[in-house]
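Coordinates as given in final_7.cif (mmCIF, C-alpha atoms):
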```
data_input
loop_
_atom_site.label_atom_id
_atom_site.label_comp_id
_atom_site.auth_asym_id
_atom_site.auth_seq_id
_atom_site.Cartn_x
_atom_site.Cartn_y
_atom_site.Cartn_z
CA MET V 70 21.39 144.22 209.87
CA SER V 71 18.76 142.60 207.65
CA PRO V 72 19.69 139.09 206.50
CA ARG V 73 20.96 138.76 202.96
CA PHE V 74 22.66 136.25 200.70
CA GLU V 75 25.70 137.15 198.64
CA PRO V 76 25.37 136.65 194.87
CA ILE V 77 27.91 133.81 194.91
CA THR V 78 27.17 130.25 193.84
CA GLY V 79 29.29 127.50 195.36
CA ARG V 80 29.31 123.97 193.96
CA TYR V 81 31.39 120.83 194.13
CA LEU V 82 32.97 119.74 190.87
CA HIS V 83 33.89 116.09 190.33
CA LEU V 84 36.61 115.58 187.74
CA ASP V 85 39.72 113.63 186.95
CA LEU V 86 42.66 115.83 187.80
CA LEU V 87 46.29 114.86 187.41
CA GLY V 88 45.06 111.35 186.60
CA ARG V 89 43.03 110.88 189.80
CA PRO V 90 39.40 111.50 190.74
CA HIS V 91 38.97 114.75 192.65
CA ARG V 92 36.18 116.70 194.33
CA LEU V 93 36.80 120.43 194.10
CA TYR V 94 34.92 123.35 195.55
CA VAL V 95 34.22 126.08 193.01
CA GLU V 96 32.58 129.46 193.55
CA GLU V 97 31.44 131.85 190.89
CA ALA V 98 29.48 135.04 190.33
CA GLY V 99 28.67 137.24 187.36
CA SER V 100 28.53 136.66 183.65
CA GLY V 101 30.62 137.49 180.63
CA ILE V 102 34.34 137.02 180.19
CA PRO V 103 35.55 134.15 182.40
CA LEU V 104 38.01 135.34 185.04
CA LEU V 105 39.69 132.37 186.70
CA CYS V 106 41.23 133.32 190.05
CA LEU V 107 44.06 131.45 191.82
CA HIS V 108 44.53 131.75 195.57
CA THR V 109 47.80 131.97 197.49
CA ALA V 110 49.77 129.14 199.09
CA GLY V 111 48.14 127.60 202.15
CA SER V 112 44.90 129.54 201.74
CA ASP V 113 41.75 129.10 199.65
CA GLY V 114 39.32 130.80 197.32
CA ARG V 115 37.65 132.86 200.04
CA GLN V 116 40.42 135.37 199.41
CA TYR V 117 38.50 136.55 196.35
CA ARG V 118 35.11 137.19 197.95
CA GLY V 119 35.53 140.92 197.48
CA LEU V 120 35.70 140.46 193.72
CA LEU V 121 32.86 137.95 193.63
CA ASN V 122 30.67 140.48 195.40
CA ASP V 123 31.54 143.54 193.35
CA PRO V 124 28.95 144.29 190.64
CA ARG V 125 31.43 146.54 188.83
CA ILE V 126 33.37 143.37 188.09
CA THR V 127 30.59 140.79 187.78
CA LYS V 128 28.61 142.83 185.24
CA ASP V 129 31.22 142.03 182.61
CA TYR V 130 33.09 139.09 184.08
CA ARG V 131 32.17 135.59 185.21
CA VAL V 132 34.46 135.38 188.22
CA ILE V 133 35.41 131.78 189.02
CA VAL V 134 37.42 130.71 192.04
CA PHE V 135 38.36 127.14 192.91
CA ASP V 136 39.95 125.78 196.02
CA MET V 137 43.00 123.78 194.97
CA PRO V 138 42.99 120.12 196.00
CA TRP V 139 43.93 119.86 199.71
CA HIS V 140 42.79 123.47 200.25
CA GLY V 141 39.61 125.06 201.59
CA LYS V 142 36.55 122.93 200.93
CA SER V 143 38.24 120.83 198.24
CA SER V 144 39.20 117.35 199.35
CA PRO V 145 42.61 115.84 199.02
CA PRO V 146 42.52 112.84 196.68
CA THR V 147 41.67 109.42 198.09
CA GLY V 148 44.75 107.92 199.69
CA TRP V 149 46.10 111.27 200.83
CA GLN V 150 46.98 109.84 204.23
CA ASN V 151 49.78 107.85 202.68
CA GLU V 152 51.54 110.66 200.84
CA GLU V 153 53.19 114.00 201.49
CA TYR V 154 51.57 116.89 199.64
CA ARG V 155 54.01 118.74 197.43
CA LEU V 156 53.03 121.13 194.65
CA THR V 157 55.15 121.14 191.49
CA SER V 158 55.16 123.48 188.50
CA ARG V 159 54.11 120.69 186.18
CA ASP V 160 51.12 119.62 188.28
CA TYR V 161 50.04 123.18 188.95
CA VAL V 162 49.98 124.06 185.24
CA ARG V 163 48.11 120.85 184.41
CA MET V 164 45.63 121.49 187.22
CA ILE V 165 44.70 124.92 185.90
CA LEU V 166 44.36 123.73 182.31
CA GLU V 167 42.31 120.68 183.30
CA ILE V 168 39.96 122.67 185.51
CA SER V 169 39.56 125.31 182.81
CA ALA V 170 38.71 122.56 180.31
CA ALA V 171 36.30 120.85 182.72
CA LEU V 172 34.46 124.15 183.18
CA GLU V 173 34.50 124.62 179.39
CA LEU V 174 35.97 128.10 179.73
CA ASP V 175 36.64 129.83 176.42
CA LYS V 176 39.96 131.64 176.65
CA PRO V 177 39.56 132.85 180.22
CA VAL V 178 41.48 135.63 181.83
CA VAL V 179 43.59 133.98 184.52
CA MET V 180 44.64 135.90 187.61
CA GLY V 181 46.76 134.46 190.39
CA CYS V 182 48.39 135.78 193.54
CA SER V 183 51.76 134.76 195.02
CA ILE V 184 52.10 131.08 194.00
CA GLY V 185 49.27 131.98 191.64
CA GLY V 186 51.25 135.01 190.51
CA ARG V 187 54.17 132.70 189.80
CA ILE V 188 52.25 129.98 188.00
CA VAL V 189 50.70 132.51 185.64
CA LEU V 190 54.26 133.18 184.47
CA HIS V 191 54.54 129.49 183.64
CA LEU V 192 51.19 129.70 181.83
CA ALA V 193 52.42 132.74 179.91
CA HIS V 194 55.53 130.81 178.97
CA GLU V 195 53.95 127.49 178.00
CA HIS V 196 50.32 128.19 177.09
CA PRO V 197 49.79 131.86 176.21
CA GLU V 198 47.34 130.98 173.44
CA GLN V 199 44.90 129.49 175.92
CA PHE V 200 44.22 132.74 177.72
CA ARG V 201 42.64 136.05 176.81
CA ALA V 202 44.92 137.82 179.26
CA ILE V 203 47.06 136.99 182.27
CA ILE V 204 47.17 138.98 185.50
CA GLY V 205 49.91 138.34 188.02
CA LEU V 206 49.43 139.58 191.57
CA GLU V 207 52.58 139.61 193.69
CA SER V 208 54.50 137.95 190.85
CA SER V 209 58.20 137.29 191.12
CA PRO V 210 60.37 134.90 189.13
CA LYS V 211 61.70 133.16 192.24
CA VAL V 212 61.89 133.51 195.99
CA ASP V 213 64.81 131.91 197.77
CA PRO V 214 63.96 130.21 201.08
CA TYR V 215 64.43 132.63 203.96
CA TYR V 216 63.24 130.43 206.81
CA ASP V 217 63.10 126.73 207.53
CA THR V 218 59.71 125.62 206.19
CA SER V 219 59.82 122.42 208.26
CA TRP V 220 58.44 124.54 211.12
CA LEU V 221 55.17 124.70 209.20
CA HIS V 222 54.44 121.00 209.62
CA ARG V 223 55.46 119.24 212.79
CA PRO V 224 53.24 117.85 215.51
CA ASP V 225 54.72 119.92 218.32
CA VAL V 226 53.88 123.26 216.64
CA HIS V 227 50.30 124.31 215.93
CA GLY V 228 50.14 124.48 212.14
CA GLY V 229 47.43 127.13 211.95
CA GLU V 230 49.17 129.41 214.41
CA VAL V 231 52.60 129.12 212.83
CA CYS V 232 51.41 129.44 209.21
CA ALA V 233 49.43 132.57 210.00
CA GLY V 234 52.24 133.84 212.20
CA ILE V 235 54.75 133.47 209.38
CA VAL V 236 52.65 135.38 206.84
CA SER V 237 51.18 138.01 209.17
CA GLY V 238 53.87 140.54 208.34
CA LEU V 239 53.12 140.21 204.64
CA VAL V 240 49.82 142.01 205.11
CA ALA V 241 50.30 145.74 204.60
CA PRO V 242 50.64 147.58 207.91
CA THR V 243 48.01 149.96 206.62
CA ALA V 244 45.41 147.24 205.97
CA PRO V 245 42.14 147.42 207.87
CA ASP V 246 41.92 144.99 210.80
CA GLU V 247 38.96 143.14 209.29
CA GLY V 248 40.81 142.28 206.09
CA ARG V 249 44.06 141.51 207.90
CA TRP V 250 42.56 139.07 210.35
CA GLU V 251 40.24 137.41 207.83
CA THR V 252 43.27 136.81 205.61
CA LEU V 253 45.13 135.28 208.55
CA TRP V 254 42.13 133.19 209.58
CA HIS V 255 42.30 131.44 206.21
CA TYR V 256 45.90 130.51 206.98
CA MET V 257 44.92 129.28 210.42
CA GLN V 258 42.49 126.86 208.79
CA GLY V 259 44.86 125.18 206.35
CA GLY V 260 45.38 121.42 206.50
CA PRO V 261 48.58 120.01 208.02
CA GLY V 262 51.53 120.34 205.68
CA VAL V 263 49.57 122.03 202.90
CA PHE V 264 51.20 125.48 203.13
CA LYS V 265 54.60 123.79 203.34
CA GLY V 266 53.73 121.66 200.30
CA ASP V 267 52.77 124.75 198.31
CA LEU V 268 56.04 126.44 199.27
CA TYR V 269 57.92 123.63 197.56
CA PHE V 270 56.64 125.15 194.34
CA TYR V 271 57.13 128.72 195.55
CA MET V 272 60.67 128.41 196.85
CA ILE V 273 62.15 125.42 195.04
CA ASP V 274 60.45 124.00 191.97
CA GLY V 275 58.74 127.05 190.49
CA ASP V 276 61.79 129.19 189.72
CA ILE V 277 61.17 130.64 186.26
CA SER V 278 63.88 133.27 186.22
CA GLY V 279 65.76 131.45 183.46
CA LYS V 280 62.78 131.51 181.11
CA LEU V 281 61.49 135.06 181.55
CA ALA V 282 63.03 136.23 178.30
CA GLU V 283 60.99 133.59 176.47
CA ILE V 284 57.72 135.08 177.71
CA ASP V 285 56.28 137.53 175.23
CA ALA V 286 53.50 139.87 176.29
CA ARG V 287 52.56 140.23 172.61
CA ARG V 288 51.36 136.61 172.56
CA CYS V 289 49.02 137.17 175.49
CA PRO V 290 48.45 140.48 177.29
CA LEU V 291 50.22 140.44 180.65
CA TYR V 292 49.53 142.64 183.66
CA PHE V 293 51.34 142.75 186.97
CA LEU V 294 50.10 144.31 190.18
CA THR V 295 52.18 144.16 193.36
CA GLY V 296 51.67 145.65 196.81
CA GLU V 297 54.37 148.01 198.01
CA TYR V 298 54.63 146.24 201.39
CA ASP V 299 55.19 142.76 199.97
CA TYR V 300 58.66 141.68 201.10
CA SER V 301 58.22 138.12 199.79
CA CYS V 302 57.37 138.81 196.16
CA THR V 303 59.13 142.12 196.11
CA THR V 304 58.38 145.11 193.93
CA GLU V 305 61.88 144.64 192.51
CA GLY V 306 60.98 141.10 191.48
CA THR V 307 57.83 142.29 189.77
CA HIS V 308 59.69 145.06 187.95
CA GLU V 309 62.18 142.46 186.74
CA VAL V 310 59.36 140.27 185.40
CA ALA V 311 57.71 143.22 183.69
CA GLN V 312 60.93 144.48 182.17
CA ARG V 313 61.93 141.11 180.77
CA THR V 314 58.49 140.19 179.41
CA GLY V 315 57.52 143.54 177.96
CA ALA V 316 54.56 143.88 180.27
CA GLN V 317 53.56 146.73 182.55
CA ALA V 318 53.78 146.60 186.32
CA VAL V 319 51.82 148.69 188.77
CA ILE V 320 52.97 148.99 192.37
CA MET V 321 49.95 149.28 194.60
CA LYS V 322 50.19 151.75 197.49
CA ASP V 323 49.16 150.63 200.95
CA LEU V 324 48.81 146.98 199.94
CA GLY V 325 50.84 143.90 200.76
CA HIS V 326 51.03 140.27 199.68
CA PHE V 327 47.29 139.54 199.81
CA PRO V 328 45.72 142.56 198.10
CA MET V 329 42.40 140.93 197.22
CA SER V 330 41.62 139.93 200.80
CA GLU V 331 43.55 142.33 203.01
CA ASP V 332 41.87 145.39 201.53
CA PRO V 333 39.43 144.45 198.72
CA PRO V 334 38.16 147.97 197.89
CA LYS V 335 41.67 149.35 197.55
CA PHE V 336 42.77 146.42 195.39
CA ILE V 337 39.70 146.56 193.18
CA GLY V 338 40.50 150.20 192.51
CA TYR V 339 43.72 149.02 190.89
CA LEU V 340 42.12 146.03 189.17
CA LEU V 341 39.18 147.72 187.48
CA PRO V 342 41.25 149.64 184.87
CA VAL V 343 43.05 146.40 183.97
CA LEU V 344 39.78 144.52 183.53
CA GLU V 345 38.35 147.37 181.49
CA GLU V 346 41.40 147.40 179.25
CA ILE V 347 41.08 143.65 178.71
CA ARG V 348 37.34 143.92 178.04
CA SER V 349 37.51 146.84 175.67
CA GLY V 350 40.83 146.08 174.07
CA LYS V 351 41.68 149.74 174.58
CA LYS V 352 44.35 151.16 176.80
CA ALA V 353 42.77 152.58 179.94
CA SER V 354 43.22 156.31 180.33
CA ALA V 355 45.39 157.41 183.20
CA ALA V 356 43.40 158.00 186.37
CA MET U 219 62.71 149.95 222.53
CA LEU U 220 63.09 148.15 225.86
CA GLU U 221 62.44 151.07 228.22
CA ASN U 222 58.76 150.49 228.85
CA LEU U 223 58.48 147.05 227.28
CA ALA U 224 57.42 145.17 230.42
CA ALA U 225 54.68 147.64 231.25
CA ARG U 226 53.41 147.70 227.69
CA VAL U 227 53.34 143.92 227.34
CA ASN U 228 51.95 143.20 230.79
CA GLY U 229 49.31 145.90 230.35
CA ASP U 230 48.04 144.36 227.13
CA ALA U 231 45.56 141.73 228.30
CA ASN U 232 45.09 140.31 224.79
CA LEU U 233 48.81 139.89 224.25
CA VAL U 234 49.25 138.25 227.66
CA ARG U 235 46.36 135.91 226.81
CA ARG U 236 48.11 134.93 223.57
CA GLY U 237 51.25 134.18 225.51
CA LYS U 238 49.73 132.44 228.50
CA HIS U 239 51.74 129.27 227.80
CA VAL U 240 55.03 131.13 227.27
CA ASN U 241 57.61 130.53 229.98
CA THR U 242 61.08 131.27 228.70
CA THR U 243 64.00 133.67 228.63
CA PHE U 244 65.14 135.08 225.32
CA LEU U 245 67.80 137.52 224.26
CA ILE U 246 67.40 140.76 222.35
CA ALA U 247 70.62 142.17 220.93
CA ILE U 248 70.73 145.79 219.80
CA ASP U 249 74.02 146.25 218.02
CA ASN U 250 76.40 144.47 220.40
CA THR U 251 74.38 145.08 223.54
CA ASP U 252 72.54 142.05 224.88
CA HIS U 253 69.39 142.01 226.99
CA LEU U 254 67.77 138.99 228.59
CA VAL U 255 63.98 139.09 228.68
CA SER U 256 62.29 136.64 231.03
CA ILE U 257 58.64 135.73 230.54
CA ARG U 258 56.29 133.82 232.81
CA ASP U 259 52.76 132.94 231.73
CA GLY U 260 52.93 135.62 229.04
CA LYS U 261 54.08 138.42 231.32
CA ILE U 262 57.57 139.90 231.31
CA THR U 263 59.08 139.36 234.73
CA ASP U 264 62.55 140.71 234.11
CA ILE U 265 64.64 142.57 231.54
CA ARG U 266 68.35 142.50 232.31
CA PRO U 267 70.94 144.39 230.31
CA GLY U 268 74.30 142.73 229.64
CA PRO U 269 77.15 142.18 229.32
CA PHE U 270 76.80 138.56 230.37
CA ILE U 271 79.51 135.98 230.92
CA THR U 272 77.30 132.91 230.60
CA PRO U 273 73.89 134.10 229.37
CA ASN U 274 71.24 131.42 229.64
CA TYR U 275 68.45 131.84 227.11
CA ALA U 276 66.35 129.83 224.67
CA PHE U 277 66.73 131.96 221.56
CA ALA U 278 68.14 135.30 220.48
CA LEU U 279 66.99 138.05 218.13
CA ARG U 280 70.01 140.01 216.96
CA ALA U 281 69.96 143.14 214.80
CA SER U 282 71.56 146.55 214.56
CA ARG U 283 69.89 149.51 216.21
CA GLU U 284 69.27 150.93 212.77
CA SER U 285 67.37 147.78 211.74
CA TRP U 286 65.34 147.67 214.97
CA ASP U 287 64.49 151.35 214.52
CA LYS U 288 63.30 150.72 210.96
CA LEU U 289 61.22 147.73 212.06
CA LEU U 290 59.58 149.76 214.81
CA SER U 291 59.25 152.97 212.84
CA PRO U 292 55.91 154.71 213.44
CA LYS U 293 55.74 155.26 209.69
CA PRO U 294 55.97 151.77 208.14
CA ILE U 295 58.86 151.36 205.72
CA PRO U 296 58.33 148.87 202.86
CA GLY U 297 60.72 145.98 203.32
CA PHE U 298 61.07 146.61 207.06
CA THR U 299 57.63 145.82 208.44
CA ASP U 300 58.19 142.40 210.01
CA ILE U 301 60.84 140.31 211.75
CA PHE U 302 60.91 137.95 208.77
CA ALA U 303 61.33 140.86 206.36
CA LEU U 304 64.56 141.67 208.19
CA VAL U 305 65.53 137.99 208.32
CA LYS U 306 65.10 137.81 204.55
CA LYS U 307 67.39 140.82 204.16
CA LYS U 308 69.85 139.19 206.57
CA LEU U 309 69.53 142.21 208.86
CA LEU U 310 68.08 140.22 211.75
CA ARG U 311 69.25 136.87 212.98
CA VAL U 312 67.10 134.44 214.93
CA GLU U 313 69.23 131.80 216.60
CA GLY U 314 69.13 129.19 219.33
CA ASP U 315 66.21 126.95 220.25
CA LEU U 316 63.54 128.37 217.97
CA HIS U 317 60.75 126.15 219.29
CA PRO U 318 59.25 128.61 221.80
CA PHE U 319 59.59 131.41 219.23
CA MET U 320 57.95 129.56 216.32
CA THR U 321 55.27 128.05 218.55
CA ASN U 322 54.25 131.51 219.74
CA LEU U 323 55.04 133.68 216.73
CA PHE U 324 52.08 136.01 217.11
CA TYR U 325 52.96 136.53 220.75
CA PHE U 326 56.61 137.34 220.15
CA LYS U 327 55.78 139.60 217.21
CA GLY U 328 53.40 141.37 219.58
CA VAL U 329 56.12 141.71 222.22
CA ILE U 330 58.52 143.22 219.70
CA ALA U 331 55.80 145.53 218.40
CA ALA U 332 55.19 146.69 221.96
CA GLY U 333 58.77 147.92 221.96
CA GLY U 334 57.91 150.54 219.37
CA ALA U 335 55.04 152.54 218.13
CA LEU U 336 53.60 149.82 215.90
CA ALA U 337 49.89 149.43 215.89
CA ALA U 338 49.50 146.48 218.23
CA SER U 339 46.88 144.81 216.04
CA ARG U 340 49.47 144.43 213.28
CA SER U 341 51.33 141.89 215.32
CA GLY U 342 48.68 140.16 217.35
CA GLY U 343 48.38 142.41 220.35
CA ALA U 344 45.31 144.17 221.62
CA GLN U 345 42.73 145.39 219.15
#
```

Here is a file; write its structure as structure tokens.
Amino acid sequence: MSPRFEPITGRYLHLDLLGRPHRLYVEEAGSGIPLLCLHTAGSDGRQYRGLLNDPRITKDYRVIVFDMPWHGKSSPPTGWQNEEYRLTSRDYVRMILEISAALELDKPVVMGCSIGGRIVLHLAHEHPEQFRAIIGLESSPKVDPYYDTSWLHRPDVHGGEVCAGIVSGLVAPTAPDEGRWETLWHYMQGGPGVFKGDLYFYMIDGDISGKLAEIDARRCPLYFLTGEYDYSCTTEGTHEVAQRTGAQAVIMKDLGHFPMSEDPPKFIGYLLPVLEEIRSGKKASAA
Amino acid sequence: MLENLAARVNGDANLVRRGKHVNTTFLIAIDNTDHLVSIRDGKITDIRPGPFITPNYAFALRASRESWDKLLSPKPIPGFTDIFALVKKKLLRVEGDLHPFMTNLFYFKGVIAAGGALAASRSGGAQ
């Protein structure tokens, strides 16, 4: 193989976030309509490298991916050693808006997966005017706890092994090994307690089921894409969101909870018509 | 699912490597039939069918045969592709001292996968 660089630029952004100085890692590629991508709980922006490297996307879209504080190559804020990380709906919404403002994005498209797929529902509810369109991947209004998340952060259990072990079954059984194990590697590299802290939002604080009827897809175009093998954010949950918001949902065959990283080419096949519809303002013709 | 389990697990060098620190006995219940599976250094040393009067084990995985069959189906069924998918549906119960199970999740998922026709790589076994 001849050596090559990917067309991705990675930089560290210093900004005040949630009232505290932060240093965030941000990657981007392409030009055009800003597409702000939100990674899943306990992982980081590497999940989107398939999109960042796809010229069919980057010719029309400036794809931007940030690692949330505490995740990936972003630092936790100074003093982190004296606090327990716990993501809330309020902070997550503020984080996205403040990062978007710091990057001076003009009505970006925002796309999030899992916790990202949940928080975009909050964005659609509270701030639809700020976005050109909203794409929810693996979106569901709530997920009740189905295991004791305290196992994810205790000194006598390896955090990387248990976090990846918990989510491994969420990857579609049909996913290629490379995508499956890269997705799990990201989970193996998470900081102690970070996945558990994200799940506070996912399983406790982020329940938006009572507000779905107040989300109106006419105020901001909404799209939902969910993998058929996702048993966490279920296809039923996505259908419920779509039905109650007036949006459309597409169930993606042979994909699970991490479509963008477990099988990027397959996922991008589903994403391209959505991006084209957003770009052109015209309904994509049926494939 | 238990017929050739020991041979399949012990013949999978990658799975045994993952479980090299596993020394425990756990229980697999299929419907109301219990089986004790003993493991030493990642290898299955014994599988004993019940009934037991005073079974001694660290943790138990209990599900109906129908649920086990769906989990281990050669053709993956959405909603039935992982132990935790069944736990979420309340079709599989994990009980007892969960520490060895949670500490070695990939290993135990690989052991269960070896009981069916799952692709081993799905659950952490050999590539």

Evaluate the PyMOL selection byres ((chain U) within 12 of (chain V)) here and jot the selected residues down as an mmCIF file with C-alpha atoms, in the coordinates of the input.
```cif
data_model
loop_
_atom_site.group_PDB
_atom_site.id
_atom_site.type_symbol
_atom_site.label_atom_id
_atom_site.label_comp_id
_atom_site.auth_asym_id
_atom_site.auth_seq_id
_atom_site.Cartn_x
_atom_site.Cartn_y
_atom_site.Cartn_z
ATOM 1 C CA ARG U 236 48.110 134.930 223.570
ATOM 2 C CA LEU U 289 61.220 147.730 212.060
ATOM 3 C CA LEU U 290 59.580 149.760 214.810
ATOM 4 C CA SER U 291 59.250 152.970 212.840
ATOM 5 C CA PRO U 292 55.910 154.710 213.440
ATOM 6 C CA LYS U 293 55.740 155.260 209.690
ATOM 7 C CA PRO U 294 55.970 151.770 208.140
ATOM 8 C CA ILE U 295 58.860 151.360 205.720
ATOM 9 C CA PRO U 296 58.330 148.870 202.860
ATOM 10 C CA GLY U 297 60.720 145.980 203.320
ATOM 11 C CA PHE U 298 61.070 146.610 207.060
ATOM 12 C CA THR U 299 57.630 145.820 208.440
ATOM 13 C CA ASP U 300 58.190 142.400 210.010
ATOM 14 C CA ILE U 301 60.840 140.310 211.750
ATOM 15 C CA PHE U 302 60.910 137.950 208.770
ATOM 16 C CA ALA U 303 61.330 140.860 206.360
ATOM 17 C CA LEU U 304 64.560 141.670 208.190
ATOM 18 C CA VAL U 305 65.530 137.990 208.320
ATOM 19 C CA LYS U 306 65.100 137.810 204.550
ATOM 20 C CA LYS U 307 67.390 140.820 204.160
ATOM 21 C CA LYS U 308 69.850 139.190 206.570
ATOM 22 C CA LEU U 309 69.530 142.210 208.860
ATOM 23 C CA LEU U 310 68.080 140.220 211.750
ATOM 24 C CA ARG U 311 69.250 136.870 212.980
ATOM 25 C CA VAL U 312 67.100 134.440 214.930
ATOM 26 C CA GLU U 313 69.230 131.800 216.600
ATOM 27 C CA LEU U 316 63.540 128.370 217.970
ATOM 28 C CA HIS U 317 60.750 126.150 219.290
ATOM 29 C CA PRO U 318 59.250 128.610 221.800
ATOM 30 C CA PHE U 319 59.590 131.410 219.230
ATOM 31 C CA MET U 320 57.950 129.560 216.320
ATOM 32 C CA THR U 321 55.270 128.050 218.550
ATOM 33 C CA ASN U 322 54.250 131.510 219.740
ATOM 34 C CA LEU U 323 55.040 133.680 216.730
ATOM 35 C CA PHE U 324 52.080 136.010 217.110
ATOM 36 C CA TYR U 325 52.960 136.530 220.750
ATOM 37 C CA PHE U 326 56.610 137.340 220.150
ATOM 38 C CA LYS U 327 55.780 139.600 217.210
ATOM 39 C CA GLY U 328 53.400 141.370 219.580
ATOM 40 C CA ALA U 331 55.800 145.530 218.400
ATOM 41 C CA LEU U 336 53.600 149.820 215.900
ATOM 42 C CA ALA U 337 49.890 149.430 215.890
ATOM 43 C CA ALA U 338 49.500 146.480 218.230
ATOM 44 C CA SER U 339 46.880 144.810 216.040
ATOM 45 C CA ARG U 340 49.470 144.430 213.280
ATOM 46 C CA SER U 341 51.330 141.890 215.320
ATOM 47 C CA GLY U 342 48.680 140.160 217.350
ATOM 48 C CA GLY U 343 48.380 142.410 220.350
ATOM 49 C CA ALA U 344 45.310 144.170 221.620
ATOM 50 C CA GLN U 345 42.730 145.390 219.150
#
```

Practice problem: Between atom CA of Pro290 of chain V and atom CA of Phe200 of chain V, measure the distance and give it in Å to one decimal. | Solution: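 Pair atom CA of Pro290 of chain V / atom CA of Phe200 of chain V returns 8.8 Å.
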
Exercise. Would you mind reading off the distance between atom CA of Ala98 of chain V and atom CA of Phe336 of chain V, one decimal, in Å?
Key: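 A separation of 18.2 Å between them.
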
Find the residues around Gly259 of chain V up to 8 Å (only C-alpha atoms counted), leave out those fewer than 3 positions away in its own chain, and share them as a CSV table (one decimal) with C-alpha atoms, in the frame of the given file.
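out.csv, written as the output of this step:
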```csv
chain,number,residue,atom,x,y,z
V,111,GLY,CA,48.1,127.6,202.2
V,112,SER,CA,44.9,129.5,201.7
V,140,HIS,CA,42.8,123.5,200.2
V,141,GLY,CA,39.6,125.1,201.6
V,228,GLY,CA,50.1,124.5,212.1
V,229,GLY,CA,47.4,127.1,212.0
V,255,HIS,CA,42.3,131.4,206.2
V,256,TYR,CA,45.9,130.5,207.0
V,263,VAL,CA,49.6,122.0,202.9
V,264,PHE,CA,51.2,125.5,203.1
```

Quiz item: Any idea what the distance is between atom CA of Phe244 of chain U and atom CA of Ala278 of chain U?
Solution: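 About the pair atom CA of Phe244 of chain U and atom CA of Ala278 of chain U: they are 5.7 Å apart.
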
Quiz item: Between V:Tyr339, V:Trp254, V:His91, V:Ile273, which is the closest to Thr147 of chain V once you count all atoms listed in the file?
Solution: V:His91

Self-check item: Neighbour residues at most 12 Å from (52.5, 130.9, 188.8) (all atoms listed in the file) as a ChimeraX atom specification
Solution: /V:106-110,156-165,179-195,203-211,267-268,270-272,274-278,302

Self-check item: Residue neighbourhood Gly114 of chain V, 6 Å, only C-alpha atoms, exclusion window fewer than 5 positions, as a PyMOL selection string
Solution: chain V and resi 108+134-136

Practice problem: Counting only C-alpha atoms, find the residues whose atoms lie at most 10 Å from (32.3, 126.7, 195.6) (file coordinates) and write them out as a VMD selection string. | Solution: chain V and resid 77 to 82 93 to 97 114 to 115 133 to 136 141 to 143
